[in-house]
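Participant: Before anything else, here's the structure in question.
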Amino acid sequence: MTAPPRLALAGISKSFPGVKANEDISLSVRPGEIHALLGENGAGKSTLVKIIYGVQQADAGAIAWDGETVAIPSPRAARRLGIGMVFQHFSLFDAMSVIENIALGLDEAVDLAELKVRVAAILQSYSLPLDPDRAVHTLSVGERQRIEIVRCLLQKPKLLIMDEPTSVLTPQEVERLFSTLRQIASEGCAILYISHKLHEIKALCEAATILRGGKVVATCDPKIESAKRMAELMIGAELRQIARRPGGGAGAIRLQVENLTLAGEPPFGTALRAVSLAARAGEILGVAGVAGNGQSELLTALSGERLAGSGAAILLDGRPIGLEGAGARRALGLACVPEERNGHAAVPDFALADNALLTARHRLPLAPLGIIARGEVERFTQAVIRRFDVRTTGPGALARSLSGGNLQKFVMGREIGQEPAVLVVSQPTWGVDAGAAAAIRQELVDLAAKGSAVVVISQDLDELLELADRLCVINEGGLSAPRDVAGLRIDEIGLMMGGMRGVDAQAGGAAHA
Amino acid sequence: MTSAILVSILMTLVAASTPILLAALGELVVEKSGVLNLGVEGMMLTGAVAGFAVAYSTGSTALGLAAAGAAGVAVGMVFAILTLSLNANQVATGLALTIFGIGASSLIGAGFVGRTITRLGPVFPDALSDHPVLRAVFGHDGVVYLSLALVLAVGLFLRRTRAGLILRGVGENDASAHAIGYRVIAIRYAAIAFGGALAGLGGAYFSLALTPMWADGLTAGRGWIALALVVFAGWRPGRLLFGAYLFGAVMTAELQLKAAGIAWLAPELLAMAPYLATIAVLTMMSLGRQAGRAGAPACLGKPFSAS
């Protein structure tokens, strides 16, 4: 008989009013194992780890730690056992320094000077770049995550829980995180890795427990099991293959951009340099590129949040709109979905119905003569919620109450539901689970098939290759000439990205090598 | 002769500054924990009347001061229960607290109008406190030294202690602090109690040391000055001390000018001077710092409920 598992759950159940979040869940994690907890939004992953971390208490079931049954009444008790957790939404204090943040996360009082020495040692042994004296609000998301990881490592954890750690990271940061996690695991710490990103789990984890609807539906070895099979287990149905229509993009030009030049957004934006593009009726035009190369500037220039220098710089169905504002452009049929949903695409403290009204009123008769037609708004919102399977209590729910993926579905649905002439969308499936992502992609394809032009700006190359008819690359504010995706090889895209900045080019080269 | 005048001016300045300093220091701690209590004026008045009533009845100013602090805490707790436990709006509750304080102090104080007590005296022996020059340093009453010690203590507490770090954390991001396992509501209760005690003490300084008597509306809006000082001082105790003494200085200058009988300047304009000067100077001080983050706790005034 080998050593007992580090953590063994037996028959864990937890109900909330109206929903069984966890039902008879059992799983076990060995020391040094990286164990994936896989499931869609709402499958019960978060509830389960909250129970393990002592944030919530199970209604039934037992937790065994190193072979002994334990009760975990609080996060503090969990930490005392040796459980560390890195949350999806960091518990950080923006105005304070890194070291103060770490100190706040510790249970015992420590001298700051002494803590600095210990933190420096950890940063060095895991090769984590982080300046302890920097204020948190000046740090990148990846650096903020490192604070949380260091916080956990200081307590010498025996089990580390990572809740969707890569949802906000760049590909380079993901690579760095993975090597850190592998090193932590090699030292005997068990890791429970929560995600719905299958390629990450295949790359990192040795075992996987798949949850659906609060129950364990399968356990498998992700290195052996195919990604398709795991995705199907996760969503409980055959993965929808996108139904492509043959040969898109033969229609008339609906959106044309000519030599658009625009200064970068302060403080660190990338200026657009003589960008030209043309999107035709019935096609999906993909814009690839590493984050920060002018994508957000391109989107705000197209949406009308920032005006072009001349009207003729942007043509919608041949009509110059470069000097029209966002509302006028929407009325004419150009809809945009920015990357940031909360605060940009939606007002967090507004109900979904009000959020729907805000953009749809230009194209749908939701507020004739300026008087809001509540019934119409409600109907439109309900239609979006149903068609895009938005998990929410109804049109009256606040936008902030939705999970990121659900809000994305809603925002996408709101725009697609208006059947715009041209839809420009940034990161359409960012943070959305596999089933919903496939549904969103299918809607984009269907929208194009009806004669709209769709421009997809994304960092996810796989997504673009699946969706787009033609692909161009944005790089330091310049846009390459488009290429037909059919027959395009990955290494050719690499060549298109050839002008990438030094670091990114190396990382990209290594990833594709 | 001139030195005697200077010393006397300094004594007036310190006395005028101390109640504002106390109240503002308490409010600074409250705001650092993320709570905006606009009821400072109400707590000061309640403290002023409670302090006077107890001092008059018992003949002990020390007991009066203790009662003032306790009264400030009591009124503060009303605010805390309403805003923290019952999630009432902090701004509205704070304003109501001030109106309540004005009314309650007037009611309680009705029987004490016109009575006098022995003024709070200096702590050091006469040799020091009556010395023509040394009394500038040793001639003050205990509350003055206490207020200065508290500035230092609060500064060290916020900067150097773990408890202070936690308090700032709660004010900076209550949700995170809760997620880590800190008791946000309990910490805010404690901060409000501290703020109440200091506001009560500051109020009592009027009725026990400055006047010393009771009259309706004795604090004359100093609670609002204290609130403004916290903001203009960028939530830093050191700057708060400077701001309070600056206010006291201009107010003393105003009195001196009035006494000198300057006819060409309307007394109303002189009366405005301390407020204008304090705001102007502190605004200029805060211009130098980077715009946007002037040290305001990110969760200031926002309701928190654990979920």
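Chain labels run A, B, ... following the order of the structure tokens; each chain numbers its residues from 1, and ligands are numbered from 1 in the order shown.
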Pick out the chain A residues within 8 Å of chain B. Count only C-alpha atoms. Give them as a list in words.
Facilitator: Pro75, Arg76, Phe90, Ser91, Leu92, Phe93, Asp94, Ala95, Glu100, Leu104, Gly105 and Ala109 of chain A
Participant: Return as a VMD selection string the full set of residues in stretch 135-300 of chain B whose backbone-based DSSP assignment is helix (DSSP H, G or I).
Facilitator: chain B and resid 135 to 138 142 to 160 162 to 172 174 to 180 184 to 210 222 to 232 237 to 260 267 to 287
Participant: As an MDAnalysis selection string, please: the residues near B:Gln256 (cut-off 12 Å, only C-alpha atoms, same-chain neighbours under 5 positions excluded).
Facilitator: chainID B and resid 5:6 8:10 12:13 249:251 261:262 267 270:271
Participant: With DSSP run on the backbone, what are the strand (DSSP E or B) residues within stretch 273-343 of chain A? I'd like them as a list in words.
Facilitator: Arg273, Ala274, Val275, Ser276, Leu277, Ala278, Ala279, Arg280, Ile284, Leu285, Gly286, Val287, Ala288, Ile314, Leu315, Leu316, Arg319, Pro320, Leu334, Ala335, Cys336, Val337 and Asn342 of chain A
Participant: With only C-alpha atoms as the counted atoms, please give the residues lying no more than 12 Å from B:Ile279, apart from itself and same-chain residues fewer than 4 positions off, as a list in words.
Facilitator: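 Final neighbour list, sorted by chain and number: Ile225, Ala226, Leu227, Ala228, Leu229, Val230, Val231, Phe232, Ala233, Gly243, Ala244, Leu246, Phe247, Val250, Met272, Ala273, Pro274, Tyr275, Thr283, Met284, Met285 and Ser286 of chain B.
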Participant: Print the selection's residues with N, CA and C atoms to a file, as a PDB file, in the first residue's frame.
Facilitator:
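Written out: result_33.pdb:
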```
ATOM      1  N   ILE B 225     -14.610  71.558   9.600  1.00  0.00           N
ATOM      2  CA  ILE B 225     -13.217  71.881   9.282  1.00  0.00           C
ATOM      3  C   ILE B 225     -12.362  70.627   9.441  1.00  0.00           C
ATOM      4  N   ALA B 226     -12.630  69.871  10.507  1.00  0.00           N
ATOM      5  CA  ALA B 226     -11.866  68.650  10.741  1.00  0.00           C
ATOM      6  C   ALA B 226     -12.025  67.690   9.570  1.00  0.00           C
ATOM      7  N   LEU B 227     -13.254  67.549   9.092  1.00  0.00           N
ATOM      8  CA  LEU B 227     -13.509  66.663   7.955  1.00  0.00           C
ATOM      9  C   LEU B 227     -12.732  67.107   6.722  1.00  0.00           C
ATOM     10  N   ALA B 228     -12.775  68.415   6.472  1.00  0.00           N
ATOM     11  CA  ALA B 228     -12.068  68.926   5.298  1.00  0.00           C
ATOM     12  C   ALA B 228     -10.565  68.736   5.444  1.00  0.00           C
ATOM     13  N   LEU B 229     -10.080  68.927   6.673  1.00  0.00           N
ATOM     14  CA  LEU B 229      -8.642  68.785   6.912  1.00  0.00           C
ATOM     15  C   LEU B 229      -8.149  67.399   6.546  1.00  0.00           C
ATOM     16  N   VAL B 230      -8.940  66.387   6.888  1.00  0.00           N
ATOM     17  CA  VAL B 230      -8.528  65.010   6.602  1.00  0.00           C
ATOM     18  C   VAL B 230      -8.270  64.846   5.110  1.00  0.00           C
ATOM     19  N   VAL B 231      -9.187  65.388   4.310  1.00  0.00           N
ATOM     20  CA  VAL B 231      -9.039  65.261   2.863  1.00  0.00           C
ATOM     21  C   VAL B 231      -7.838  66.057   2.377  1.00  0.00           C
ATOM     22  N   PHE B 232      -7.763  67.331   2.823  1.00  0.00           N
ATOM     23  CA  PHE B 232      -6.681  68.170   2.334  1.00  0.00           C
ATOM     24  C   PHE B 232      -5.318  67.679   2.810  1.00  0.00           C
ATOM     25  N   ALA B 233      -5.299  66.994   3.944  1.00  0.00           N
ATOM     26  CA  ALA B 233      -4.034  66.474   4.439  1.00  0.00           C
ATOM     27  C   ALA B 233      -3.669  65.162   3.751  1.00  0.00           C
ATOM     28  N   GLY B 243      -1.890  71.114   9.119  1.00  0.00           N
ATOM     29  CA  GLY B 243      -3.110  71.798   8.700  1.00  0.00           C
ATOM     30  C   GLY B 243      -3.885  72.354   9.881  1.00  0.00           C
ATOM     31  N   ALA B 244      -3.993  71.560  10.952  1.00  0.00           N
ATOM     32  CA  ALA B 244      -4.755  72.009  12.121  1.00  0.00           C
ATOM     33  C   ALA B 244      -4.094  73.235  12.750  1.00  0.00           C
ATOM     34  N   LEU B 246      -2.070  75.298  11.248  1.00  0.00           N
ATOM     35  CA  LEU B 246      -2.190  76.407  10.304  1.00  0.00           C
ATOM     36  C   LEU B 246      -3.532  77.103  10.498  1.00  0.00           C
ATOM     37  N   PHE B 247      -4.568  76.300  10.610  1.00  0.00           N
ATOM     38  CA  PHE B 247      -5.899  76.850  10.834  1.00  0.00           C
ATOM     39  C   PHE B 247      -5.920  77.652  12.136  1.00  0.00           C
ATOM     40  N   VAL B 250      -4.063  81.040  11.677  1.00  0.00           N
ATOM     41  CA  VAL B 250      -4.797  82.094  10.975  1.00  0.00           C
ATOM     42  C   VAL B 250      -5.935  82.608  11.848  1.00  0.00           C
ATOM     43  N   MET B 272     -13.638  84.737   7.717  1.00  0.00           N
ATOM     44  CA  MET B 272     -13.530  83.735   6.658  1.00  0.00           C
ATOM     45  C   MET B 272     -12.090  83.274   6.468  1.00  0.00           C
ATOM     46  N   ALA B 273     -11.158  84.137   6.882  1.00  0.00           N
ATOM     47  CA  ALA B 273      -9.753  83.915   6.529  1.00  0.00           C
ATOM     48  C   ALA B 273      -9.218  82.532   6.910  1.00  0.00           C
ATOM     49  N   PRO B 274      -9.476  82.049   8.143  1.00  0.00           N
ATOM     50  CA  PRO B 274      -8.876  80.763   8.490  1.00  0.00           C
ATOM     51  C   PRO B 274      -9.299  79.637   7.545  1.00  0.00           C
ATOM     52  N   TYR B 275     -10.567  79.655   7.176  1.00  0.00           N
ATOM     53  CA  TYR B 275     -11.067  78.590   6.295  1.00  0.00           C
ATOM     54  C   TYR B 275     -10.416  78.676   4.933  1.00  0.00           C
ATOM     55  N   THR B 283      -4.406  72.787  -0.467  1.00  0.00           N
ATOM     56  CA  THR B 283      -4.614  72.458  -1.874  1.00  0.00           C
ATOM     57  C   THR B 283      -3.307  72.580  -2.633  1.00  0.00           C
ATOM     58  N   MET B 284      -2.567  73.646  -2.323  1.00  0.00           N
ATOM     59  CA  MET B 284      -1.286  73.823  -3.012  1.00  0.00           C
ATOM     60  C   MET B 284      -0.332  72.680  -2.661  1.00  0.00           C
ATOM     61  N   MET B 285      -0.385  72.247  -1.401  1.00  0.00           N
ATOM     62  CA  MET B 285       0.488  71.133  -1.014  1.00  0.00           C
ATOM     63  C   MET B 285       0.135  69.879  -1.787  1.00  0.00           C
ATOM     64  N   SER B 286      -1.152  69.638  -1.985  1.00  0.00           N
ATOM     65  CA  SER B 286      -1.534  68.388  -2.639  1.00  0.00           C
ATOM     66  C   SER B 286      -1.358  68.467  -4.151  1.00  0.00           C
TER      67      SER B 286
END
```
Participant: At what distance in Å, to one decimal, does atom CA of B:Gly76 lie from atom CA of B:Ala191?
Facilitator: 9.7 Å
Participant: Closest to A:Arg470 among A:Leu277, A:Leu106, A:Leu366, A:Leu334, using only C-alpha atoms?
Facilitator: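 The shortest atom-to-atom distance to A:Arg470 comes from A:Leu277.
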Participant: Write out as a PDB file with all heavy atoms, in the first residue's frame which residues come within 10 Å of A:Ile99 when counting only C-alpha atoms, dropping same-chain ones fewer than 5 positions away.
Facilitator:
```pdb
ATOM      1  N   LEU A 104      -0.170  41.252   4.526  1.00  0.00           N
ATOM      2  CA  LEU A 104      -1.591  41.189   4.864  1.00  0.00           C
ATOM      3  C   LEU A 104      -2.152  39.789   4.642  1.00  0.00           C
ATOM      4  O   LEU A 104      -3.124  39.401   5.272  1.00  0.00           O
ATOM      5  CB  LEU A 104      -2.374  42.189   4.011  1.00  0.00           C
ATOM      6  CG  LEU A 104      -2.487  43.596   4.572  1.00  0.00           C
ATOM      7  CD1 LEU A 104      -3.117  44.521   3.558  1.00  0.00           C
ATOM      8  CD2 LEU A 104      -3.310  43.592   5.848  1.00  0.00           C
ATOM      9  N   GLY A 105      -1.541  39.053   3.718  1.00  0.00           N
ATOM     10  CA  GLY A 105      -2.055  37.727   3.415  1.00  0.00           C
ATOM     11  C   GLY A 105      -1.572  36.654   4.371  1.00  0.00           C
ATOM     12  O   GLY A 105      -1.992  35.505   4.265  1.00  0.00           O
ATOM     13  N   LEU A 112       8.428  43.306   8.698  1.00  0.00           N
ATOM     14  CA  LEU A 112       8.513  43.541   7.253  1.00  0.00           C
ATOM     15  C   LEU A 112       9.914  43.292   6.703  1.00  0.00           C
ATOM     16  O   LEU A 112      10.073  42.742   5.622  1.00  0.00           O
ATOM     17  CB  LEU A 112       8.073  44.965   6.918  1.00  0.00           C
ATOM     18  CG  LEU A 112       6.569  45.206   6.750  1.00  0.00           C
ATOM     19  CD1 LEU A 112       6.322  46.567   6.132  1.00  0.00           C
ATOM     20  CD2 LEU A 112       5.910  44.128   5.915  1.00  0.00           C
ATOM     21  N   ALA A 113      10.926  43.692   7.472  1.00  0.00           N
ATOM     22  CA  ALA A 113      12.297  43.517   7.001  1.00  0.00           C
ATOM     23  C   ALA A 113      12.626  42.028   6.857  1.00  0.00           C
ATOM     24  O   ALA A 113      13.207  41.586   5.868  1.00  0.00           O
ATOM     25  CB  ALA A 113      13.271  44.195   7.972  1.00  0.00           C
ATOM     26  N   LEU A 115      10.417  39.655   6.507  1.00  0.00           N
ATOM     27  CA  LEU A 115       9.574  39.117   5.445  1.00  0.00           C
ATOM     28  C   LEU A 115      10.212  39.358   4.082  1.00  0.00           C
ATOM     29  O   LEU A 115      10.195  38.493   3.204  1.00  0.00           O
ATOM     30  CB  LEU A 115       8.198  39.774   5.507  1.00  0.00           C
ATOM     31  CG  LEU A 115       7.153  39.250   4.516  1.00  0.00           C
ATOM     32  CD1 LEU A 115       6.836  37.801   4.797  1.00  0.00           C
ATOM     33  CD2 LEU A 115       5.895  40.088   4.569  1.00  0.00           C
ATOM     34  N   LYS A 116      10.815  40.529   3.936  1.00  0.00           N
ATOM     35  CA  LYS A 116      11.444  40.873   2.660  1.00  0.00           C
ATOM     36  C   LYS A 116      12.518  39.849   2.309  1.00  0.00           C
ATOM     37  O   LYS A 116      12.664  39.442   1.158  1.00  0.00           O
ATOM     38  CB  LYS A 116      12.064  42.265   2.735  1.00  0.00           C
ATOM     39  CG  LYS A 116      11.236  43.310   2.032  1.00  0.00           C
ATOM     40  CD  LYS A 116      11.972  44.626   1.981  1.00  0.00           C
ATOM     41  CE  LYS A 116      10.981  45.719   1.644  1.00  0.00           C
ATOM     42  NZ  LYS A 116      11.540  47.056   1.694  1.00  0.00           N
ATOM     43  N   VAL A 119      10.820  36.645   1.239  1.00  0.00           N
ATOM     44  CA  VAL A 119      10.213  36.788  -0.084  1.00  0.00           C
ATOM     45  C   VAL A 119      11.292  36.783  -1.165  1.00  0.00           C
ATOM     46  O   VAL A 119      11.148  36.127  -2.198  1.00  0.00           O
ATOM     47  CB  VAL A 119       9.385  38.090  -0.156  1.00  0.00           C
ATOM     48  CG1 VAL A 119       9.015  38.428  -1.582  1.00  0.00           C
ATOM     49  CG2 VAL A 119       8.122  37.945   0.694  1.00  0.00           C
ATOM     50  N   ASP A 131       9.152  43.023  -8.003  1.00  0.00           N
ATOM     51  CA  ASP A 131       9.812  43.995  -7.138  1.00  0.00           C
ATOM     52  C   ASP A 131       8.962  44.213  -5.891  1.00  0.00           C
ATOM     53  O   ASP A 131       7.855  44.724  -5.986  1.00  0.00           O
ATOM     54  CB  ASP A 131       9.989  45.306  -7.917  1.00  0.00           C
ATOM     55  CG  ASP A 131      10.599  46.408  -7.061  1.00  0.00           C
ATOM     56  OD1 ASP A 131      10.840  46.160  -5.852  1.00  0.00           O
ATOM     57  OD2 ASP A 131      10.847  47.498  -7.589  1.00  0.00           O
ATOM     58  N   PRO A 132       9.475  43.833  -4.714  1.00  0.00           N
ATOM     59  CA  PRO A 132       8.657  43.894  -3.490  1.00  0.00           C
ATOM     60  C   PRO A 132       8.207  45.294  -3.109  1.00  0.00           C
ATOM     61  O   PRO A 132       7.253  45.437  -2.356  1.00  0.00           O
ATOM     62  CB  PRO A 132       9.585  43.323  -2.413  1.00  0.00           C
ATOM     63  CG  PRO A 132      10.675  42.637  -3.144  1.00  0.00           C
ATOM     64  CD  PRO A 132      10.810  43.312  -4.467  1.00  0.00           C
ATOM     65  N   ASP A 133       8.873  46.321  -3.596  1.00  0.00           N
ATOM     66  CA  ASP A 133       8.540  47.673  -3.159  1.00  0.00           C
ATOM     67  C   ASP A 133       7.611  48.418  -4.105  1.00  0.00           C
ATOM     68  O   ASP A 133       7.194  49.531  -3.818  1.00  0.00           O
ATOM     69  CB  ASP A 133       9.825  48.491  -2.957  1.00  0.00           C
ATOM     70  CG  ASP A 133      10.633  47.952  -1.791  1.00  0.00           C
ATOM     71  OD1 ASP A 133      10.010  47.609  -0.776  1.00  0.00           O
ATOM     72  OD2 ASP A 133      11.862  47.857  -1.910  1.00  0.00           O
ATOM     73  N   ARG A 134       7.282  47.797  -5.229  1.00  0.00           N
ATOM     74  CA  ARG A 134       6.384  48.459  -6.172  1.00  0.00           C
ATOM     75  C   ARG A 134       4.966  48.489  -5.630  1.00  0.00           C
ATOM     76  O   ARG A 134       4.534  47.592  -4.918  1.00  0.00           O
ATOM     77  CB  ARG A 134       6.375  47.695  -7.511  1.00  0.00           C
ATOM     78  CG  ARG A 134       7.605  47.917  -8.353  1.00  0.00           C
ATOM     79  CD  ARG A 134       7.458  49.045  -9.371  1.00  0.00           C
ATOM     80  NE  ARG A 134       6.459  48.792 -10.386  1.00  0.00           N
ATOM     81  CZ  ARG A 134       6.670  48.060 -11.479  1.00  0.00           C
ATOM     82  NH1 ARG A 134       7.827  47.477 -11.672  1.00  0.00           N
ATOM     83  NH2 ARG A 134       5.727  47.927 -12.375  1.00  0.00           N
ATOM     84  N   ALA A 135       4.223  49.547  -5.982  1.00  0.00           N
ATOM     85  CA  ALA A 135       2.802  49.598  -5.624  1.00  0.00           C
ATOM     86  C   ALA A 135       2.037  48.692  -6.577  1.00  0.00           C
ATOM     87  O   ALA A 135       2.344  48.623  -7.777  1.00  0.00           O
ATOM     88  CB  ALA A 135       2.287  51.024  -5.723  1.00  0.00           C
ATOM     89  N   VAL A 136       1.059  47.989  -6.038  1.00  0.00           N
ATOM     90  CA  VAL A 136       0.380  46.966  -6.825  1.00  0.00           C
ATOM     91  C   VAL A 136      -0.298  47.540  -8.067  1.00  0.00           C
ATOM     92  O   VAL A 136      -0.310  46.906  -9.116  1.00  0.00           O
ATOM     93  CB  VAL A 136      -0.641  46.224  -5.942  1.00  0.00           C
ATOM     94  CG1 VAL A 136      -1.565  45.364  -6.780  1.00  0.00           C
ATOM     95  CG2 VAL A 136       0.092  45.359  -4.936  1.00  0.00           C
ATOM     96  N   ILE A 147       2.223  37.712  -6.804  1.00  0.00           N
ATOM     97  CA  ILE A 147       2.096  38.091  -5.390  1.00  0.00           C
ATOM     98  C   ILE A 147       1.303  37.022  -4.654  1.00  0.00           C
ATOM     99  O   ILE A 147       1.678  36.566  -3.573  1.00  0.00           O
ATOM    100  CB  ILE A 147       1.378  39.447  -5.245  1.00  0.00           C
ATOM    101  CG1 ILE A 147       2.158  40.535  -5.970  1.00  0.00           C
ATOM    102  CG2 ILE A 147       1.212  39.800  -3.775  1.00  0.00           C
ATOM    103  CD1 ILE A 147       1.468  41.884  -5.918  1.00  0.00           C
ATOM    104  N   ARG A 151       2.602  34.597  -1.705  1.00  0.00           N
ATOM    105  CA  ARG A 151       1.849  34.536  -0.456  1.00  0.00           C
ATOM    106  C   ARG A 151       1.628  33.084  -0.031  1.00  0.00           C
ATOM    107  O   ARG A 151       1.831  32.722   1.114  1.00  0.00           O
ATOM    108  CB  ARG A 151       0.477  35.151  -0.702  1.00  0.00           C
ATOM    109  CG  ARG A 151       0.158  36.373   0.082  1.00  0.00           C
ATOM    110  CD  ARG A 151      -1.280  36.726  -0.222  1.00  0.00           C
ATOM    111  NE  ARG A 151      -1.529  38.144  -0.127  1.00  0.00           N
ATOM    112  CZ  ARG A 151      -2.681  38.713  -0.462  1.00  0.00           C
ATOM    113  NH1 ARG A 151      -3.661  37.989  -0.944  1.00  0.00           N
ATOM    114  NH2 ARG A 151      -2.845  39.999  -0.331  1.00  0.00           N
TER     115      ARG A 151
END
```
Participant: Compile the contact shell of B:Ile185 as an MDAnalysis selection string: residues with an atom at most 9 Å away, counting only C-alpha atoms, same-chain residues fewer than 4 positions apart removed.
Facilitator: chainID B and resid 84:85 189:190 304:306
Participant: With N, CA and C atoms retained, export the selected residues as a PDB file, in the first residue's frame.
Facilitator:
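out.pdb written:
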```
ATOM      1  N   LEU B  84     -22.947  50.085   9.406  1.00  0.00           N
ATOM      2  CA  LEU B  84     -22.205  48.832   9.219  1.00  0.00           C
ATOM      3  C   LEU B  84     -23.113  47.621   9.336  1.00  0.00           C
ATOM      4  N   SER B  85     -23.951  47.601  10.370  1.00  0.00           N
ATOM      5  CA  SER B  85     -24.787  46.425  10.577  1.00  0.00           C
ATOM      6  C   SER B  85     -26.081  46.502   9.781  1.00  0.00           C
ATOM      7  N   TYR B 189     -15.923  48.941  13.186  1.00  0.00           N
ATOM      8  CA  TYR B 189     -16.532  49.340  14.453  1.00  0.00           C
ATOM      9  C   TYR B 189     -15.469  49.966  15.359  1.00  0.00           C
ATOM     10  N   ALA B 190     -14.329  49.293  15.453  1.00  0.00           N
ATOM     11  CA  ALA B 190     -13.261  49.784  16.324  1.00  0.00           C
ATOM     12  C   ALA B 190     -12.787  51.159  15.870  1.00  0.00           C
ATOM     13  N   PHE B 304     -20.276  47.758   2.840  1.00  0.00           N
ATOM     14  CA  PHE B 304     -19.705  46.421   2.688  1.00  0.00           C
ATOM     15  C   PHE B 304     -20.658  45.401   3.293  1.00  0.00           C
ATOM     16  N   SER B 305     -20.903  44.346   2.560  1.00  0.00           N
ATOM     17  CA  SER B 305     -21.637  43.243   3.161  1.00  0.00           C
ATOM     18  C   SER B 305     -20.967  41.943   2.758  1.00  0.00           C
ATOM     19  N   ALA B 306     -20.657  41.135   3.742  1.00  0.00           N
ATOM     20  CA  ALA B 306     -19.996  39.858   3.483  1.00  0.00           C
ATOM     21  C   ALA B 306     -20.969  38.946   2.762  1.00  0.00           C
TER      22      ALA B 306
END
```
Participant: I'd like the contact shell of A:Leu398 - 8 Å cut-off, only C-alpha atoms, skipping same-chain residues fewer than 3 positions apart - returned as a PyMOL selection string.
Facilitator: chain A and resi 348-352+401-402
Participant: One decimal, in Å: what's the spacing between atom CA of A:Val422 and atom CA of A:Val290?
Facilitator: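 Between these atoms lies a distance of 23.7 Å.
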Participant: Could you build a table of the residues in stretch 4-77 of chain B lying no more than 12 Å from stretch 108-114 of chain B, giving for each the nearest pair of atoms and their separation in Å rounded to one decimal place, using only C-alpha atoms, ordered by chain and ascending residue number, as JSON lines?
Facilitator:
```
{"residue": "B:Leu45", "atom": "CA", "partner": "B:Gly109", "partner_atom": "CA", "distance": 10.0}
{"residue": "B:Thr46", "atom": "CA", "partner": "B:Ile108", "partner_atom": "CA", "distance": 8.9}
{"residue": "B:Gly47", "atom": "CA", "partner": "B:Gly109", "partner_atom": "CA", "distance": 11.2}
{"residue": "B:Ala48", "atom": "CA", "partner": "B:Gly109", "partner_atom": "CA", "distance": 9.3}
{"residue": "B:Val49", "atom": "CA", "partner": "B:Gly109", "partner_atom": "CA", "distance": 5.9}
{"residue": "B:Ala50", "atom": "CA", "partner": "B:Ile108", "partner_atom": "CA", "distance": 8.0}
{"residue": "B:Gly51", "atom": "CA", "partner": "B:Gly109", "partner_atom": "CA", "distance": 10.5}
{"residue": "B:Phe52", "atom": "CA", "partner": "B:Phe112", "partner_atom": "CA", "distance": 8.2}
{"residue": "B:Ala53", "atom": "CA", "partner": "B:Phe112", "partner_atom": "CA", "distance": 7.1}
{"residue": "B:Val54", "atom": "CA", "partner": "B:Phe112", "partner_atom": "CA", "distance": 10.6}
{"residue": "B:Ala55", "atom": "CA", "partner": "B:Phe112", "partner_atom": "CA", "distance": 11.1}
{"residue": "B:Tyr56", "atom": "CA", "partner": "B:Phe112", "partner_atom": "CA", "distance": 8.4}
{"residue": "B:Ser57", "atom": "CA", "partner": "B:Phe112", "partner_atom": "CA", "distance": 10.0}
```
Participant: May I have the selected residues written with N, CA, C and O atoms, as a short mmCIF file (atom, residue, chain, number, x, y, z; two decimals), in the first residue's frame?
Facilitator:
```cif
data_model
loop_
_atom_site.label_atom_id
_atom_site.label_comp_id
_atom_site.auth_asym_id
_atom_site.auth_seq_id
_atom_site.Cartn_x
_atom_site.Cartn_y
_atom_site.Cartn_z
N LEU B 45 -20.20 67.98 19.56
CA LEU B 45 -21.16 68.68 20.42
C LEU B 45 -21.62 67.79 21.56
O LEU B 45 -21.74 68.24 22.71
N THR B 46 -21.88 66.53 21.24
CA THR B 46 -22.31 65.61 22.29
C THR B 46 -21.22 65.48 23.34
O THR B 46 -21.48 65.48 24.55
N GLY B 47 -19.97 65.36 22.86
CA GLY B 47 -18.85 65.28 23.80
C GLY B 47 -18.73 66.54 24.63
O GLY B 47 -18.48 66.49 25.84
N ALA B 48 -18.93 67.69 23.98
CA ALA B 48 -18.79 68.97 24.67
C ALA B 48 -19.79 69.08 25.82
O ALA B 48 -19.44 69.44 26.95
N VAL B 49 -21.04 68.72 25.54
CA VAL B 49 -22.06 68.88 26.57
C VAL B 49 -21.91 67.81 27.65
O VAL B 49 -22.06 68.09 28.85
N ALA B 50 -21.59 66.59 27.24
CA ALA B 50 -21.43 65.51 28.24
C ALA B 50 -20.26 65.83 29.16
O ALA B 50 -20.33 65.67 30.38
N GLY B 51 -19.16 66.32 28.54
CA GLY B 51 -17.98 66.66 29.32
C GLY B 51 -18.29 67.76 30.33
O GLY B 51 -17.92 67.68 31.51
N PHE B 52 -19.02 68.78 29.85
CA PHE B 52 -19.33 69.90 30.74
C PHE B 52 -20.26 69.45 31.87
O PHE B 52 -20.05 69.79 33.03
N ALA B 53 -21.27 68.67 31.51
CA ALA B 53 -22.25 68.22 32.51
C ALA B 53 -21.57 67.43 33.62
O ALA B 53 -21.80 67.66 34.81
N VAL B 54 -20.71 66.50 33.21
CA VAL B 54 -20.05 65.66 34.21
C VAL B 54 -19.05 66.47 35.02
O VAL B 54 -18.96 66.35 36.24
N ALA B 55 -18.29 67.34 34.35
CA ALA B 55 -17.31 68.15 35.06
C ALA B 55 -18.01 69.08 36.06
O ALA B 55 -17.56 69.27 37.19
N TYR B 56 -19.14 69.64 35.65
CA TYR B 56 -19.88 70.53 36.52
C TYR B 56 -20.44 69.78 37.73
O TYR B 56 -20.38 70.26 38.86
N SER B 57 -20.98 68.60 37.47
CA SER B 57 -21.62 67.83 38.53
C SER B 57 -20.61 67.26 39.51
O SER B 57 -20.86 67.21 40.72
#
```
